[in-house]
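Everything below belongs to query_38.csv, which stores CSV, C-alpha atoms and all ligand atoms.
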```csv
chain,number,residue,atom,x,y,z
A,28,MET,CA,105.8,108.3,112.1
A,29,ILE,CA,104.8,104.6,112.1
A,30,ASN,CA,101.6,104.4,114.1
A,31,LYS,CA,98.7,106.8,113.4
A,32,ILE,CA,96.0,104.4,114.6
A,33,PRO,CA,93.7,105.3,117.5
A,34,LEU,CA,94.8,103.5,120.6
A,35,ALA,CA,91.2,102.4,121.4
A,36,SER,CA,91.0,100.4,118.2
A,37,ILE,CA,94.4,98.8,118.8
A,38,LEU,CA,93.3,97.7,122.3
A,39,LEU,CA,90.0,96.4,121.0
A,40,PHE,CA,91.8,94.5,118.3
A,41,SER,CA,94.6,93.2,120.5
A,42,SER,CA,92.2,91.8,123.0
A,43,LEU,CA,90.6,89.7,120.4
A,44,CYS,CA,93.9,87.9,119.6
A,45,THR,CA,95.2,85.1,121.7
A,46,PRO,CA,98.8,84.0,121.8
A,47,ILE,CA,98.0,80.8,119.8
A,48,VAL,CA,96.2,82.0,116.7
A,49,LEU,CA,93.6,79.5,115.5
A,50,ALA,CA,91.9,79.8,112.2
A,51,ASP,CA,88.8,81.5,113.7
A,52,ASP,CA,90.9,83.8,115.8
A,53,PHE,CA,92.9,84.9,112.8
A,54,ALA,CA,89.7,85.5,110.8
A,55,SER,CA,88.2,87.6,113.6
A,56,CYS,CA,91.5,89.5,113.9
A,57,VAL,CA,91.5,90.2,110.2
A,58,LEU,CA,88.0,91.6,110.6
A,59,GLU,CA,89.3,94.0,113.2
A,60,LEU,CA,92.2,94.9,110.8
A,61,LYS,CA,89.6,95.7,108.1
A,62,THR,CA,87.9,98.1,110.5
A,63,ILE,CA,91.1,99.8,111.3
A,64,ALA,CA,92.0,100.0,107.6
A,65,LYS,CA,88.6,101.6,106.9
A,66,LYS,CA,89.2,104.2,109.7
A,67,GLU,CA,92.6,104.9,108.0
A,68,GLY,CA,90.7,105.9,104.9
A,69,LEU,CA,91.6,102.9,102.7
A,70,SER,CA,89.1,102.1,100.0
A,71,THR,CA,86.9,99.0,100.2
A,72,ASP,CA,88.5,97.7,97.0
A,73,THR,CA,92.0,97.9,98.5
A,74,ILE,CA,90.8,96.3,101.8
A,75,GLU,CA,89.0,93.4,100.1
A,76,ASN,CA,91.8,92.8,97.6
A,77,THR,CA,94.4,92.6,100.4
A,78,LEU,CA,92.9,91.7,103.8
A,79,GLY,CA,90.1,89.8,102.1
A,80,GLU,CA,92.7,87.3,100.8
A,81,VAL,CA,95.4,87.4,103.5
A,82,ASN,CA,96.8,84.2,104.9
A,83,TYR,CA,98.1,83.3,108.4
A,84,VAL,CA,101.8,82.1,108.1
A,85,ALA,CA,102.8,80.1,111.1
A,86,ARG,CA,106.5,80.1,110.0
A,87,VAL,CA,106.6,83.9,110.4
A,88,ILE,CA,105.8,83.6,114.1
A,89,GLU,CA,108.3,80.8,114.5
A,90,LEU,CA,111.0,83.0,113.0
A,91,ASP,CA,109.9,86.0,115.1
A,92,LYS,CA,110.0,84.0,118.3
A,93,LYS,CA,113.2,82.2,117.5
A,94,GLN,CA,115.8,83.5,120.0
A,95,PRO,CA,119.3,83.2,118.6
A,96,GLU,CA,121.1,80.5,120.5
A,97,PHE,CA,124.4,82.3,120.1
A,98,SER,CA,125.4,85.9,120.0
A,99,GLN,CA,127.7,86.4,117.1
A,100,THR,CA,131.2,87.8,117.6
A,101,PHE,CA,132.4,90.8,115.7
A,102,ASP,CA,134.8,88.8,113.7
A,103,ASN,CA,132.2,86.3,112.5
A,104,TYR,CA,129.7,89.1,111.8
A,105,PHE,CA,132.2,91.3,110.0
A,106,SER,CA,133.9,88.6,108.0
A,107,LEU,CA,130.6,87.3,106.5
A,108,ARG,CA,129.6,90.8,105.4
A,109,VAL,CA,132.7,92.7,104.4
A,110,THR,CA,134.1,90.2,101.9
A,111,ASP,CA,136.5,90.7,99.0
A,112,LYS,CA,133.8,89.6,96.6
A,113,ARG,CA,131.4,92.3,97.9
A,114,ILE,CA,134.0,95.0,97.8
A,115,LYS,CA,134.8,94.1,94.2
A,116,GLU,CA,131.1,94.0,93.2
A,117,GLY,CA,130.6,97.3,95.0
A,118,ARG,CA,133.4,98.9,93.0
A,119,ARG,CA,132.0,97.6,89.8
A,120,LEU,CA,128.5,98.9,90.5
A,121,LEU,CA,130.0,102.2,91.6
A,122,GLN,CA,131.3,102.6,88.1
A,123,GLU,CA,128.2,101.2,86.4
A,124,HIS,CA,125.9,103.7,88.2
A,125,HIS,CA,128.5,106.5,88.3
A,126,GLU,CA,126.2,109.1,86.6
A,127,LEU,CA,123.2,108.5,88.9
A,128,LEU,CA,125.4,108.3,92.0
A,129,SER,CA,127.0,111.6,91.3
A,130,LYS,CA,123.6,113.2,91.0
A,131,LEU,CA,122.5,111.6,94.3
A,132,THR,CA,125.6,112.7,96.1
A,133,GLU,CA,125.0,116.3,94.9
A,134,GLN,CA,121.3,116.3,95.7
A,135,TYR,CA,121.3,114.4,99.0
A,136,GLY,CA,124.8,114.8,100.3
A,137,VAL,CA,125.4,111.0,100.7
A,138,PRO,CA,128.6,109.8,98.9
A,139,ALA,CA,128.2,107.0,96.4
A,140,GLN,CA,130.3,104.4,98.3
A,141,TYR,CA,127.9,104.6,101.3
A,142,LEU,CA,124.9,103.9,99.0
A,143,MET,CA,126.8,100.9,97.6
A,144,ALA,CA,127.6,99.7,101.1
A,145,PHE,CA,124.0,99.8,102.3
A,146,TRP,CA,122.8,98.1,99.1
A,147,GLY,CA,125.5,95.4,99.6
A,148,LEU,CA,124.8,94.7,103.2
A,149,GLU,CA,121.0,94.7,102.9
A,150,THR,CA,120.5,92.5,99.8
A,151,ASN,CA,124.0,91.8,98.4
A,152,PHE,CA,123.2,94.4,95.7
A,153,GLY,CA,119.7,93.1,95.1
A,154,SER,CA,120.5,89.5,94.8
A,155,TYR,CA,118.4,88.4,97.7
A,156,LYS,CA,115.5,90.7,98.4
A,157,GLY,CA,113.2,88.1,100.2
A,158,LYS,CA,110.3,86.3,98.7
A,159,MET,CA,107.7,86.1,101.4
A,160,PRO,CA,104.3,87.8,100.7
A,161,VAL,CA,104.6,91.0,102.9
A,162,LEU,CA,100.9,91.4,103.5
A,163,ASP,CA,100.6,87.9,104.9
A,164,SER,CA,103.6,88.3,107.1
A,165,LEU,CA,102.5,91.7,108.5
A,166,ALA,CA,98.9,90.5,109.1
A,167,THR,CA,100.2,87.4,110.9
A,168,LEU,CA,102.5,89.5,113.1
A,169,ALA,CA,99.7,92.1,113.6
A,170,CYS,CA,97.5,89.3,114.9
A,171,ASP,CA,100.1,88.1,117.4
A,172,PRO,CA,99.8,90.0,120.6
A,173,ARG,CA,103.5,90.6,121.3
A,174,ARG,CA,104.1,93.5,118.9
A,175,SER,CA,100.7,93.9,117.3
A,176,GLN,CA,100.6,97.6,117.5
A,177,TYR,CA,103.9,98.1,115.6
A,178,PHE,CA,103.0,95.5,112.9
A,179,THR,CA,99.4,96.8,112.6
A,180,GLY,CA,100.9,100.2,111.8
A,181,GLU,CA,103.3,98.7,109.3
A,182,LEU,CA,100.4,96.7,107.7
A,183,MET,CA,98.4,99.9,107.3
A,184,LYS,CA,101.4,101.6,105.6
A,185,ALA,CA,101.7,98.6,103.3
A,186,LEU,CA,98.0,98.8,102.3
A,187,GLN,CA,98.5,102.5,101.6
A,188,LEU,CA,101.4,101.7,99.4
A,189,LYS,CA,99.3,99.2,97.5
A,190,GLU,CA,96.6,101.8,97.0
A,191,THR,CA,98.9,104.7,96.1
A,192,TYR,CA,101.0,102.8,93.6
A,193,GLN,CA,98.4,100.2,92.5
A,194,PHE,CA,100.8,97.4,93.3
A,195,ASP,CA,99.6,93.8,92.8
A,196,ALA,CA,99.5,92.4,96.3
A,197,SER,CA,101.3,89.2,95.1
A,198,THR,CA,104.3,91.3,93.9
A,199,MET,CA,104.8,92.8,97.4
A,200,VAL,CA,107.3,90.4,98.7
A,201,GLY,CA,110.1,90.7,101.2
A,202,SER,CA,111.7,89.4,104.4
A,203,TRP,CA,109.5,87.5,107.0
A,204,ALA,CA,109.2,90.8,109.0
A,205,GLY,CA,108.0,92.8,106.0
A,206,ALA,CA,111.2,94.6,104.8
A,207,MET,CA,111.0,95.1,101.0
A,208,GLY,CA,113.1,95.6,98.0
A,209,HIS,CA,116.8,96.4,97.2
A,210,THR,CA,117.3,98.3,100.4
A,211,GLN,CA,114.8,96.4,102.6
A,212,PHE,CA,112.6,99.2,103.6
A,213,MET,CA,109.8,98.5,106.1
A,214,PRO,CA,106.4,99.8,104.8
A,215,SER,CA,106.6,103.0,106.9
A,216,ALA,CA,110.0,103.9,105.5
A,217,TYR,CA,108.8,103.0,102.1
A,218,ALA,CA,105.7,105.2,102.4
A,219,ASP,CA,107.5,108.1,104.0
A,220,TYR,CA,110.9,108.2,102.2
A,221,ALA,CA,110.7,106.2,98.9
A,222,VAL,CA,111.3,108.3,95.8
A,223,ASP,CA,110.3,107.7,92.2
A,224,GLY,CA,113.9,108.3,90.9
A,225,ASP,CA,113.3,107.1,87.3
A,226,GLY,CA,110.1,109.2,86.9
A,227,ASP,CA,107.8,106.4,85.7
A,228,GLY,CA,105.2,107.4,88.3
A,229,LYS,CA,105.9,104.7,90.9
A,230,ALA,CA,108.5,104.4,93.6
A,231,ASP,CA,109.3,100.7,92.9
A,232,LEU,CA,112.0,99.5,95.3
A,233,TRP,CA,111.8,95.9,94.0
A,234,ASN,CA,112.4,96.4,90.3
A,235,SER,CA,114.0,99.8,89.9
A,236,THR,CA,117.6,100.2,91.0
A,237,VAL,CA,117.3,104.0,90.3
A,238,ASP,CA,114.3,104.2,92.6
A,239,ALA,CA,116.0,102.1,95.3
A,240,LEU,CA,119.2,104.1,95.4
A,241,THR,CA,117.5,107.4,95.2
A,242,SER,CA,115.2,106.3,98.1
A,243,ALA,CA,118.2,105.2,100.2
A,244,ALA,CA,119.9,108.6,99.6
A,245,ASN,CA,116.7,110.4,100.6
A,246,PHE,CA,116.2,108.3,103.7
A,247,LEU,CA,119.7,108.9,104.9
A,248,GLN,CA,119.4,112.6,104.3
A,249,GLN,CA,116.1,112.6,106.3
A,250,LEU,CA,117.8,110.6,109.1
A,251,GLY,CA,120.3,113.4,109.4
A,252,TRP,CA,123.3,112.5,107.2
A,253,GLN,CA,126.1,115.0,107.5
A,254,ARG,CA,127.3,116.1,104.1
A,255,ASN,CA,131.1,116.1,103.8
A,256,GLU,CA,131.6,114.1,107.0
A,257,ARG,CA,132.8,110.5,107.3
A,258,TRP,CA,131.1,107.8,109.2
A,259,GLY,CA,134.0,107.5,111.6
A,260,ARG,CA,137.3,105.7,111.3
A,261,GLU,CA,139.5,103.0,112.7
A,262,VAL,CA,141.9,104.5,115.3
A,263,THR,CA,144.8,103.4,117.4
A,264,LEU,CA,144.9,103.8,121.2
A,265,PRO,CA,148.0,104.5,123.3
A,266,LYS,CA,149.4,101.6,125.4
A,267,ASP,CA,148.2,103.0,128.8
A,268,PHE,CA,144.7,103.8,127.5
A,269,SER,CA,141.9,103.8,130.0
A,270,TYR,CA,139.0,101.8,128.6
A,271,GLU,CA,136.3,103.5,130.7
A,272,TYR,CA,136.1,105.9,127.7
A,273,VAL,CA,134.5,103.2,125.5
A,274,GLY,CA,130.8,103.7,124.6
A,275,LYS,CA,128.1,106.3,123.9
A,276,ASN,CA,128.1,107.8,127.4
A,277,HIS,CA,131.7,109.0,126.8
A,278,GLU,CA,131.1,110.9,123.5
A,279,GLN,CA,133.5,113.8,123.3
A,280,SER,CA,135.3,116.1,120.9
A,281,LEU,CA,138.1,114.9,118.6
A,282,ILE,CA,140.4,117.3,120.3
A,283,LYS,CA,139.8,115.5,123.6
A,284,TRP,CA,140.4,112.1,121.9
A,285,ALA,CA,143.6,113.5,120.5
A,286,GLU,CA,144.7,114.6,124.0
A,287,LEU,CA,144.1,111.1,125.2
A,288,GLY,CA,146.6,109.9,122.6
A,289,VAL,CA,144.1,108.5,120.1
A,290,MET,CA,145.4,108.6,116.5
A,291,LYS,CA,144.3,107.7,113.0
A,292,ASN,CA,145.1,104.1,112.1
A,293,ASN,CA,147.8,105.3,109.7
A,294,GLY,CA,149.6,106.9,112.6
A,295,LYS,CA,148.6,110.5,111.8
A,296,SER,CA,146.9,112.9,114.2
A,297,LEU,CA,143.1,113.2,114.2
A,298,SER,CA,141.8,116.2,112.3
A,299,THR,CA,138.7,118.4,112.5
A,300,PRO,CA,138.8,118.7,116.3
A,301,ASP,CA,135.4,120.4,116.7
A,302,MET,CA,133.5,117.2,115.8
A,303,SER,CA,132.3,114.9,118.6
A,304,ALA,CA,132.9,111.1,118.5
A,305,THR,CA,132.3,107.9,120.4
A,306,LEU,CA,134.8,105.1,120.9
A,307,TYR,CA,133.8,101.6,120.0
A,308,LEU,CA,135.7,98.4,120.7
A,309,PRO,CA,133.5,95.7,119.1
A,310,ALA,CA,136.0,92.9,119.9
A,311,GLY,CA,137.5,94.1,123.1
A,312,TYR,CA,140.9,95.8,123.6
A,313,GLN,CA,142.7,93.2,121.5
A,314,GLY,CA,140.6,94.0,118.4
A,315,PRO,CA,140.2,97.1,116.2
A,316,ALA,CA,139.1,100.4,117.8
A,317,PHE,CA,136.8,102.8,116.0
A,318,LEU,CA,135.6,106.4,116.5
A,319,GLY,CA,132.0,106.9,115.4
A,320,TYR,CA,131.0,110.4,114.2
A,321,LYS,CA,127.5,111.8,113.7
A,322,ASN,CA,127.0,109.7,110.6
A,323,PHE,CA,127.7,106.6,112.6
A,324,ASP,CA,124.5,107.5,114.6
A,325,VAL,CA,122.7,108.1,111.4
A,326,ILE,CA,123.6,104.5,110.2
A,327,MET,CA,122.3,103.2,113.5
A,328,ARG,CA,119.0,104.9,112.9
A,329,TRP,CA,118.7,102.7,109.8
A,330,ASN,CA,119.7,99.6,111.8
A,331,ARG,CA,120.3,99.8,115.5
A,332,SER,CA,123.5,97.7,115.6
A,333,ILE,CA,127.1,98.9,116.3
A,334,PHE,CA,128.4,95.9,114.2
A,335,TYR,CA,126.2,97.0,111.3
A,336,ALA,CA,127.3,100.6,111.5
A,337,ILE,CA,131.0,99.6,111.5
A,338,ALA,CA,130.4,97.2,108.6
A,339,VAL,CA,128.6,99.8,106.5
A,340,GLY,CA,131.3,102.4,107.2
A,341,HIS,CA,134.2,100.1,106.5
A,342,LEU,CA,132.6,98.5,103.4
A,343,ALA,CA,132.1,102.1,102.1
A,344,ASP,CA,135.7,102.9,102.7
A,345,ARG,CA,136.9,99.7,100.9
A,346,ILE,CA,134.6,100.3,97.9
A,347,ASN,CA,136.1,103.7,97.8
A,348,GLY,CA,139.6,102.3,97.6
A,349,GLY,CA,140.5,102.3,101.3
A,350,VAL,CA,142.7,99.7,103.0
A,351,SER,CA,141.6,96.8,105.2
A,352,LEU,CA,141.5,97.0,109.0
A,353,THR,CA,144.9,97.6,110.6
A,354,VAL,CA,144.0,95.4,113.5
A,355,ALA,CA,142.2,92.2,112.5
A,356,PRO,CA,139.4,91.2,114.9
A,357,PRO,CA,140.6,88.4,117.1
A,358,LYS,CA,139.1,85.0,116.2
A,359,GLN,CA,136.5,84.0,118.8
A,360,ASP,CA,133.7,81.4,118.8
A,361,ASN,CA,130.2,82.8,118.9
A,362,LEU,CA,129.0,83.0,122.6
A,363,SER,CA,126.2,80.8,123.6
A,364,ARG,CA,123.4,82.4,125.6
A,365,ASP,CA,123.9,79.8,128.3
A,366,ARG,CA,127.5,80.7,128.7
A,367,VAL,CA,126.7,84.4,128.9
A,368,LYS,CA,124.0,83.6,131.5
A,369,SER,CA,126.6,81.7,133.6
A,370,LEU,CA,128.9,84.7,133.4
A,371,GLN,CA,126.0,87.0,134.5
A,372,ALA,CA,125.1,84.7,137.4
A,373,LYS,CA,128.8,84.7,138.5
A,374,LEU,CA,129.0,88.4,138.4
A,375,ASN,CA,125.9,88.7,140.5
A,376,GLU,CA,127.3,86.1,142.9
A,377,LYS,CA,130.5,88.2,143.3
A,378,GLY,CA,128.5,91.4,144.1
A,379,PHE,CA,128.6,93.0,140.6
A,380,ASP,CA,124.9,93.5,140.2
A,381,VAL,CA,124.1,92.9,136.5
A,382,GLY,CA,120.4,92.1,136.9
A,383,LYS,CA,118.6,88.9,136.0
A,384,PRO,CA,120.8,86.7,133.8
A,385,ASP,CA,119.3,86.7,130.3
A,386,GLY,CA,122.2,85.6,128.1
A,387,ILE,CA,122.4,89.0,126.4
A,388,LEU,CA,125.4,91.1,127.2
A,389,GLY,CA,123.8,94.5,127.6
A,390,THR,CA,125.1,97.8,129.0
A,391,ASN,CA,124.7,96.7,132.7
A,392,SER,CA,126.5,93.4,132.1
A,393,LYS,CA,129.3,95.1,130.4
A,394,LEU,CA,129.7,97.7,133.2
A,395,GLY,CA,129.6,94.8,135.8
A,396,LEU,CA,132.1,92.8,133.8
A,397,ARG,CA,134.4,95.9,133.5
A,398,ALA,CA,134.2,96.5,137.3
A,399,PHE,CA,135.1,92.8,137.9
A,400,GLN,CA,138.0,92.9,135.4
A,401,ARG,CA,139.5,95.9,137.3
A,402,THR,CA,139.4,94.0,140.6
A,403,VAL,CA,141.4,91.0,139.1
A,404,GLY,CA,143.9,93.0,137.1
A,405,LEU,CA,142.5,92.3,133.7
A,406,VAL,CA,142.2,95.1,131.1
A,407,ALA,CA,138.8,96.6,132.0
A,408,ASP,CA,137.2,96.8,128.6
A,409,GLY,CA,133.9,95.1,129.5
A,410,PHE,CA,134.5,92.5,126.8
A,411,PRO,CA,133.8,88.8,127.5
A,412,SER,CA,137.2,87.5,126.8
A,413,GLU,CA,138.3,84.0,127.5
A,414,ALA,CA,140.5,85.4,130.3
A,415,SER,CA,137.4,86.9,131.9
A,416,PHE,CA,135.5,83.6,131.7
A,417,ASP,CA,138.5,81.9,133.3
A,418,ALA,CA,138.8,84.5,136.1
A,419,LEU,CA,135.1,84.1,136.8
A,420,GLY,CA,135.4,80.3,136.8
A,421,VAL,CA,132.9,79.9,134.0
A,422,GLN,CA,133.6,77.1,131.6
A,501,CA,CA,110.0,104.6,89.4
```
Could you write out this structure as structure tokens?
Amino acid sequence: MINKIPLASILLFSSLCTPIVLADDFASCVLELKTIAKKEGLSTDTIENTLGEVNYVARVIELDKKQPEFSQTFDNYFSLRVTDKRIKEGRRLLQEHHELLSKLTEQYGVPAQYLMAFWGLETNFGSYKGKMPVLDSLATLACDPRRSQYFTGELMKALQLKETYQFDASTMVGSWAGAMGHTQFMPSAYADYAVDGDGDGKADLWNSTVDALTSAANFLQQLGWQRNERWGREVTLPKDFSYEYVGKNHEQSLIKWAELGVMKNNGKSLSTPDMSATLYLPAGYQGPAFLGYKNFDVIMRWNRSIFYAIAVGHLADRINGGVSLTVAPPKQDNLSRDRVKSLQAKLNEKGFDVGKPDGILGTNSKLGLRAFQRTVGLVADGFPSEASFDALGVQ
């Protein structure tokens, strides 16, 4: 969907770019981009009005290279995003756009509160959409060798958007990585899924709320949104629960979850037993537990983050009048990468092979940690709790 550019031209163009982009290198890289744009069928006018005036932005590469020093805990992530203020504003906007949202729900099958939740999480309902010139950002990233193929594809899509809708290049602004408008669509999503909801002839995701919400509904439908199904829900687990069932590789039907003693967070039995679901414990066994349904996976196709998917789902519930989490996420400081590296090194030392320590707690690290936790009598949830750090002798 994203890249339709011949591989040969990518290779040719990539080989001309060095890691440190000097003015001459950028200029020659832009020449290559122009050649690719021509092959993509873009007009000389479009090419000259965009790539002819594009600037290298060193800050974009700095931001792209910046490795986060800490990995954020669920509590910190969640409490910054699902706020009372945001819930209140989401409810207000739900009323304000009631007529449009009803139509979108009918046409695309996505309930209004989810559209409000995506809008709220992406740009705080349009209040910060990003101000960086998208063509500059994308050209800069396309001329950096690390992900040049992806960003060259996105740049070409952005040029097509400009040509299709006759946008003024200076009005195409967004995040440093090129995400645009109320719902922060990358150019490929914009080109493939944006809809002219208000019928003025342009899908304008910056200035038209109607276009942006219609496009979000269309995008979600195309990503596979299941009409009449929830995102998932908070659940309670029985006291003797075996935590090896956590995670995507233990997806199973609601009837199986019910047999294991999993209940709704209001104490009632799970319903619709023919649906399959995955168990998530974003803050370990002492935090809230969630079952994610098919629409949880759809949300993760929008943004590949479990925290994000839970935040969207829960914010949607709250905007729709739902109650707050039954189990509050335990307070925990963000984990430094160095501390996680030490934990990984210790696990390796003790024979739980988790691969080269990189400071990121991935699937292998969680499995290794879980195996270690079992051997020392800790709850084996694979969560880097303080008790686990203590047991490993990591400060
Ligand atoms: Ca429009």
Per residue of region 163-254 of chain A within 10 Å of region 325-349 of chain A, what are the shortest atom pair and its distance in Å to one decimal, counting all atoms listed in the file, with rows by chain and residue number, as a tab-separated table?
```
residue	atom	partner	partner_atom	distance
A:Phe212	CA	A:Trp329	CA	9.4
A:Ala216	CA	A:Trp329	CA	9.8
A:Ala243	CA	A:Trp329	CA	9.9
A:Phe246	CA	A:Trp329	CA	8.6
A:Leu247	CA	A:Val325	CA	7.2
A:Gln248	CA	A:Val325	CA	9.0
A:Gln249	CA	A:Val325	CA	9.5
A:Leu250	CA	A:Val325	CA	6.0
A:Gly251	CA	A:Val325	CA	6.2
A:Trp252	CA	A:Val325	CA	6.1
A:Gln253	CA	A:Val325	CA	8.6
```
Checklist entry - Just how far from CA of Met143 (chain A) is CA of Asn322 (chain A), in Å to one decimal? => result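 Computed distance, CA of Asn322 (chain A) to CA of Met143 (chain A), equals 15.7 Å.
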Item to check | Pick from A:Gly274, A:Asp238, A:Asp417, A:Thr353, whichever lies nearest to ligand CA 501 (chain A) using only C-alpha atoms and all ligand atoms | outcome: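 Smallest separation from ligand CA 501 (chain A) among the options: A:Asp238.
Taking CA of Leu396 (chain A) and CA of Ala372 (chain A) as the two end points, the separation is 11.3 Å.
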Checklist entry - Which one of A:Leu162, A:Leu148, A:Lys377, A:Lys283 sits closest to Ser106 (chain A) if you count all atoms listed in the file? => result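 Answer, going by the shortest atom-to-atom distance: A:Leu148.
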Next on the checklist: Show me the residues close to (119.0, 91.5, 98.7) - anything with an atom within 9 Å, counting all atoms listed in the file - and format the list as a PyMOL selection string.
Outcome noted: chain A and resi 146-157+208-211
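Interatomic distance, CA of Val84 (chain A) to CA of Thr167 (chain A): 6.2 Å.
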Next on the checklist: Which residues are close to Glu123 (chain A), i.e. within 12 Å by only C-alpha atoms, leaving aside same-chain residues fewer than 4 positions away? Reply as a list of chain:residue names.
Outcome noted: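 My reading of the contact set: A:Glu116, A:Gly117, A:Arg118, A:Arg119, A:Leu127, A:Leu128, A:Ser129, A:Ala139, A:Met143, A:Thr236, A:Val237.
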Item to check | Radius query 7 Å about (103.4, 89.9, 112.4), atoms used: only C-alpha atoms, as a list in words | outcome: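 Final list of nearby residues, as requested, is Ile88, Ser164, Leu165, Ala166, Thr167, Leu168, Ala169, Cys170, Asp171, Ser175, Phe178 and Ala204 of chain A.
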Checklist entry - Which chains and residue numbers are within 7 Å of ligand CA 501 (chain A), counting only C-alpha atoms and all ligand atoms, if I want them as a PyMOL selection string? => result chain A and resi 223-231+235+238
Okay, now the selection with C-alpha atoms, as a PDB file, in the frame of the given file?
```
ATOM      1  CA  ASP A 223     110.300 107.700  92.200  1.00  0.00           C
ATOM      2  CA  GLY A 224     113.900 108.300  90.900  1.00  0.00           C
ATOM      3  CA  ASP A 225     113.300 107.100  87.300  1.00  0.00           C
ATOM      4  CA  GLY A 226     110.100 109.200  86.900  1.00  0.00           C
ATOM      5  CA  ASP A 227     107.800 106.400  85.700  1.00  0.00           C
ATOM      6  CA  GLY A 228     105.200 107.400  88.300  1.00  0.00           C
ATOM      7  CA  LYS A 229     105.900 104.700  90.900  1.00  0.00           C
ATOM      8  CA  ALA A 230     108.500 104.400  93.600  1.00  0.00           C
ATOM      9  CA  ASP A 231     109.300 100.700  92.900  1.00  0.00           C
ATOM     10  CA  SER A 235     114.000  99.800  89.900  1.00  0.00           C
ATOM     11  CA  ASP A 238     114.300 104.200  92.600  1.00  0.00           C
TER      12      ASP A 238
END
```
Checklist entry - Of the candidates A:Ala64, A:Leu142, A:Leu374, A:Ala85, which one gets nearest to Glu181 (chain A) if we count all atoms listed in the file? => result A:Ala64
Checklist entry - Which residues come within 10 Å of Ala310 (chain A), counting all atoms listed in the file, excluding same-chain residues fewer than 6 positions away, as a VMD selection string? => result chain A and resid 100 to 102 316 334 355 to 359 408 410 to 412
Deliver the residues from the most recent selection as a file, using C-alpha atoms, as an mmCIF file, in the coordinates of the input.
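Written output follows (result_30.cif):
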```cif
data_model
loop_
_atom_site.group_PDB
_atom_site.id
_atom_site.type_symbol
_atom_site.label_atom_id
_atom_site.label_comp_id
_atom_site.auth_asym_id
_atom_site.auth_seq_id
_atom_site.Cartn_x
_atom_site.Cartn_y
_atom_site.Cartn_z
ATOM 1 C CA THR A 100 131.200 87.800 117.600
ATOM 2 C CA PHE A 101 132.400 90.800 115.700
ATOM 3 C CA ASP A 102 134.800 88.800 113.700
ATOM 4 C CA ALA A 316 139.100 100.400 117.800
ATOM 5 C CA PHE A 334 128.400 95.900 114.200
ATOM 6 C CA ALA A 355 142.200 92.200 112.500
ATOM 7 C CA PRO A 356 139.400 91.200 114.900
ATOM 8 C CA PRO A 357 140.600 88.400 117.100
ATOM 9 C CA LYS A 358 139.100 85.000 116.200
ATOM 10 C CA GLN A 359 136.500 84.000 118.800
ATOM 11 C CA ASP A 408 137.200 96.800 128.600
ATOM 12 C CA PHE A 410 134.500 92.500 126.800
ATOM 13 C CA PRO A 411 133.800 88.800 127.500
ATOM 14 C CA SER A 412 137.200 87.500 126.800
#
```
Checklist outcome for this item: Restricting to all atoms listed in the file, whichever of A:Tyr220, A:Lys184, A:Asn375, A:Lys92 is closest to Asn391 (chain A) is A:Asn375
